[in-house]
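A.B. asks: I am attaching a structure below and will ask some questions about it afterwards.
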Amino acid sequence: MRKKFVAGNWKMNKTISEARQLVAELQPLLEPLHNIDRAVCPTSLALPAVADMLADSEIGVGAQNMYWEESGAFTGELAPAMVAEICQYVIIGHSERRQFFGETDESVNRKVKAALAHGLTPIVCIGESLEENQAGQTAAVVSRQVRGGLADLSPEQGAKLVIAYEPIWAIGTGLAATPEDANAIHRDVVRPALAEIFGDDVAQRIQIQYGGSVKPDNAAAFFAQSDIDGALVGGASLKAAAFEGIAKAAAEA
Ligand code: PEP
């Protein structure tokens, strides 16, 4: 039985003081939900403050990105060891990184390997664009992203991954995929691709989150699906009550 996992991707929102305020509101609401995994992913600037506040908490902390090199002349980047010092998770290959910052399946693969080498749990994002969806290419795109992003990993490494299926057209649009359609991608495309790479036992253990306009009022329908193991939440993770609503739906699923 896979545990549900709800993670908040705050993107480029919240100053350090706003991040502290949100965690102060969120922590008492999320802390009692022991039967699910939960995490917040603030900006890199706010990470130390948030990690300090959640040091003795079950609520995990994640970075939104990192580089794969160990250290050196890479202006503006975060090294894996820096992230691993204060985080448990790192989001890798979010569609906004692929769209605006030129990330590819190959760079995702390098980052995933670096994250695992430093004991971080990568939340690996995949998902098709509207054009790809309308052209009937969803399964092909998502399988390519899984195979490329996770190339050359062992089953032991595979067991440490989290996948987030996030159709790009559903992100921040208020236009979520239907729970049934999302589940079909998780069950019939993503998990079989994971099984081909890592074997069925490992594939059955990997949490596959759905992301894209998840809100308190649609979350339960997603979490009732066989292969939707939680959510990566953008907009609705910026308000304590909304994120609590989604986390509670996961805890009650
Ligand atoms: C995201 O960016 O990961 C996301 C799912 O955003 P939203 O929930 O706002 O659609």
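Convention: chains lettered A, B, ... in structure tokens order; per-chain residue numbering from 1; ligands numbered from 1 as shown.
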Could you pull out the residues sitting within 8 Å of ligand 1, using only C-alpha atoms and all ligand atoms, and write them as a PyMOL selection string?
C.D. replies: chain A and resi 8-9+11+94-96+166+170-174+176+210-215+231-237
A.B. asks: Find the residues around A:Ala63 up to 9 Å (only C-alpha atoms counted), leave out those fewer than 6 positions away in its own chain, and share them as a short mmCIF file (atom, residue, chain, number, x, y, z; two decimals) with C-alpha atoms, in the first residue's frame.
C.D. replies:
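So the final result, stored in selection-v1.cif, reads:
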data_model
loop_
_atom_site.label_atom_id
_atom_site.label_comp_id
_atom_site.auth_asym_id
_atom_site.auth_seq_id
_atom_site.Cartn_x
_atom_site.Cartn_y
_atom_site.Cartn_z
CA ASN A 9 5.50 23.90 -4.84
CA VAL A 40 6.73 22.21 1.25
CA CYS A 41 9.08 23.54 -1.42
CA PRO A 42 9.83 27.24 -0.89
CA THR A 43 12.25 29.39 -2.89
CA SER A 44 15.93 28.69 -2.24
CA LEU A 47 14.71 27.28 2.44
CA VAL A 83 20.40 21.29 -0.80
CA CYS A 87 16.23 19.39 2.51
CA GLN A 88 14.85 15.89 2.10
CA TYR A 89 13.34 16.49 -1.36
CA VAL A 90 14.15 18.28 -4.59
CA ILE A 91 11.76 18.91 -7.46
CA ILE A 92 13.46 18.05 -10.75
#
A.B. asks: Based on the backbone DSSP call, show me all residues of stretch 1-235 of chain A assigned helix (DSSP H, G or I), as JSON, numbers by chain.
C.D. replies: {"A": [16, 17, 18, 19, 20, 21, 22, 23, 24, 25, 26, 27, 28, 29, 30, 47, 48, 49, 50, 51, 52, 53, 80, 81, 82, 83, 84, 85, 86, 95, 96, 97, 98, 99, 100, 101, 105, 106, 107, 108, 109, 110, 111, 112, 113, 114, 115, 116, 117, 130, 131, 132, 133, 134, 138, 139, 140, 141, 142, 143, 144, 145, 146, 147, 148, 149, 155, 156, 157, 158, 168, 169, 170, 179, 180, 181, 182, 183, 184, 185, 186, 187, 188, 189, 190, 191, 192, 193, 194, 195, 196, 197, 198, 200, 201, 202, 203, 204, 205, 216, 217, 218, 219, 220, 221, 222, 223, 235]}
A.B. asks: For A:Ile36, which of A:Gly102, A:Gly60, A:Pro179, A:Pro122 is the closest residue, counting only C-alpha atoms?
C.D. replies: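 When distances to A:Ile36 are compared using only C-alpha atoms, the smallest one comes from A:Gly60.
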A.B. asks: Nearest to A:Gln209: which of A:Val146, A:Ala7, A:Ala115, A:Ala49 is it, counting only C-alpha atoms?
C.D. replies: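 Closest residue, counting only C-alpha atoms: A:Ala7.
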A.B. asks: One number please: atom CA of A:Glu196 to atom CA of A:Val112, in Å, one decimal.
C.D. replies: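 Here the two named atoms are 18.3 Å from each other.
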A.B. asks: Between atom CA of A:Phe223 and atom CA of A:Asp188, measure the distance and give it in Å to one decimal.
C.D. replies: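 Separation of atom CA of A:Phe223 and atom CA of A:Asp188: 16.8 Å.
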A.B. asks: Identify, on the basis of only C-alpha atoms, every residue whose closest approach to A:Ala139 does not exceed 8 Å; exclude the query and any residue fewer than 4 positions from it along the same chain; express the result as a PyMOL selection string.
C.D. replies: chain A and resi 143+185+189
A.B. asks: Let's have the selection written as an mmCIF file, in the first residue's frame, with C-alpha atoms.
C.D. replies:
data_model
loop_
_atom_site.group_PDB
_atom_site.id
_atom_site.type_symbol
_atom_site.label_atom_id
_atom_site.label_comp_id
_atom_site.auth_asym_id
_atom_site.auth_seq_id
_atom_site.Cartn_x
_atom_site.Cartn_y
_atom_site.Cartn_z
ATOM 1 C CA SER A 143 7.097 7.449 -21.634
ATOM 2 C CA ILE A 185 -1.836 7.831 -17.512
ATOM 3 C CA VAL A 189 1.689 4.561 -19.036
#
A.B. asks: Hey, which of A:Gly127, A:Gly62, A:Pro48, A:Gly76 ends up closest to A:Val190? Count only C-alpha atoms.
C.D. replies: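 Of the candidates, the smallest distance to A:Val190 is held by A:Gly127.
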A.B. asks: For each of A:Ala140, A:Ala117, A:Ala79, A:Ala184, take the minimum atom-to-atom distance to A:Lys160, counting only C-alpha atoms, then give the residue where this is smallest.
C.D. replies: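 For A:Lys160, the nearest of the given residues is A:Ala117.
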A.B. asks: Between A:Arg98, A:Arg20, A:Lys4, A:Lys14, which has the minimum distance to A:Asp37 (counting only C-alpha atoms)?
C.D. replies: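 For A:Asp37, the nearest of the candidates is A:Lys4.
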A.B. asks: Taking only stretch 75-214 of chain A into account, list the residues labelled strand (DSSP E) by DSSP (computed from the backbone), as JSON, numbers by chain.
C.D. replies: {"A": [89, 90, 91, 92, 121, 122, 123, 124, 125, 126, 162, 163, 164, 165, 207, 208, 209, 210, 211]}
A.B. asks: Take the residues from that selection and put them in a file with C-alpha atoms, as a PDB file, in the first residue's frame.
C.D. replies:
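What landed in part-v8.pdb:
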ATOM      1  CA  TYR A  89      13.344  16.486  -1.357  1.00  0.00           C
ATOM      2  CA  VAL A  90      14.146  18.279  -4.588  1.00  0.00           C
ATOM      3  CA  ILE A  91      11.761  18.913  -7.465  1.00  0.00           C
ATOM      4  CA  ILE A  92      13.463  18.048 -10.745  1.00  0.00           C
ATOM      5  CA  THR A 121      14.404  12.206  -2.809  1.00  0.00           C
ATOM      6  CA  PRO A 122      13.848  13.630  -6.287  1.00  0.00           C
ATOM      7  CA  ILE A 123      10.290  14.545  -7.255  1.00  0.00           C
ATOM      8  CA  VAL A 124      10.641  14.039 -10.996  1.00  0.00           C
ATOM      9  CA  CYS A 125       8.111  16.005 -13.051  1.00  0.00           C
ATOM     10  CA  ILE A 126       6.764  14.801 -16.368  1.00  0.00           C
ATOM     11  CA  VAL A 162       8.760  10.167  -6.531  1.00  0.00           C
ATOM     12  CA  ILE A 163       7.155  10.962  -9.893  1.00  0.00           C
ATOM     13  CA  ALA A 164       4.781  13.865 -10.505  1.00  0.00           C
ATOM     14  CA  TYR A 165       2.617  13.622 -13.621  1.00  0.00           C
ATOM     15  CA  GLN A 207       4.571   7.234  -5.418  1.00  0.00           C
ATOM     16  CA  ILE A 208       3.119   8.921  -8.517  1.00  0.00           C
ATOM     17  CA  GLN A 209       1.619  12.322  -7.732  1.00  0.00           C
ATOM     18  CA  TYR A 210      -0.788  14.177  -9.988  1.00  0.00           C
ATOM     19  CA  GLY A 211      -0.264  17.929 -10.440  1.00  0.00           C
TER      20      GLY A 211
END
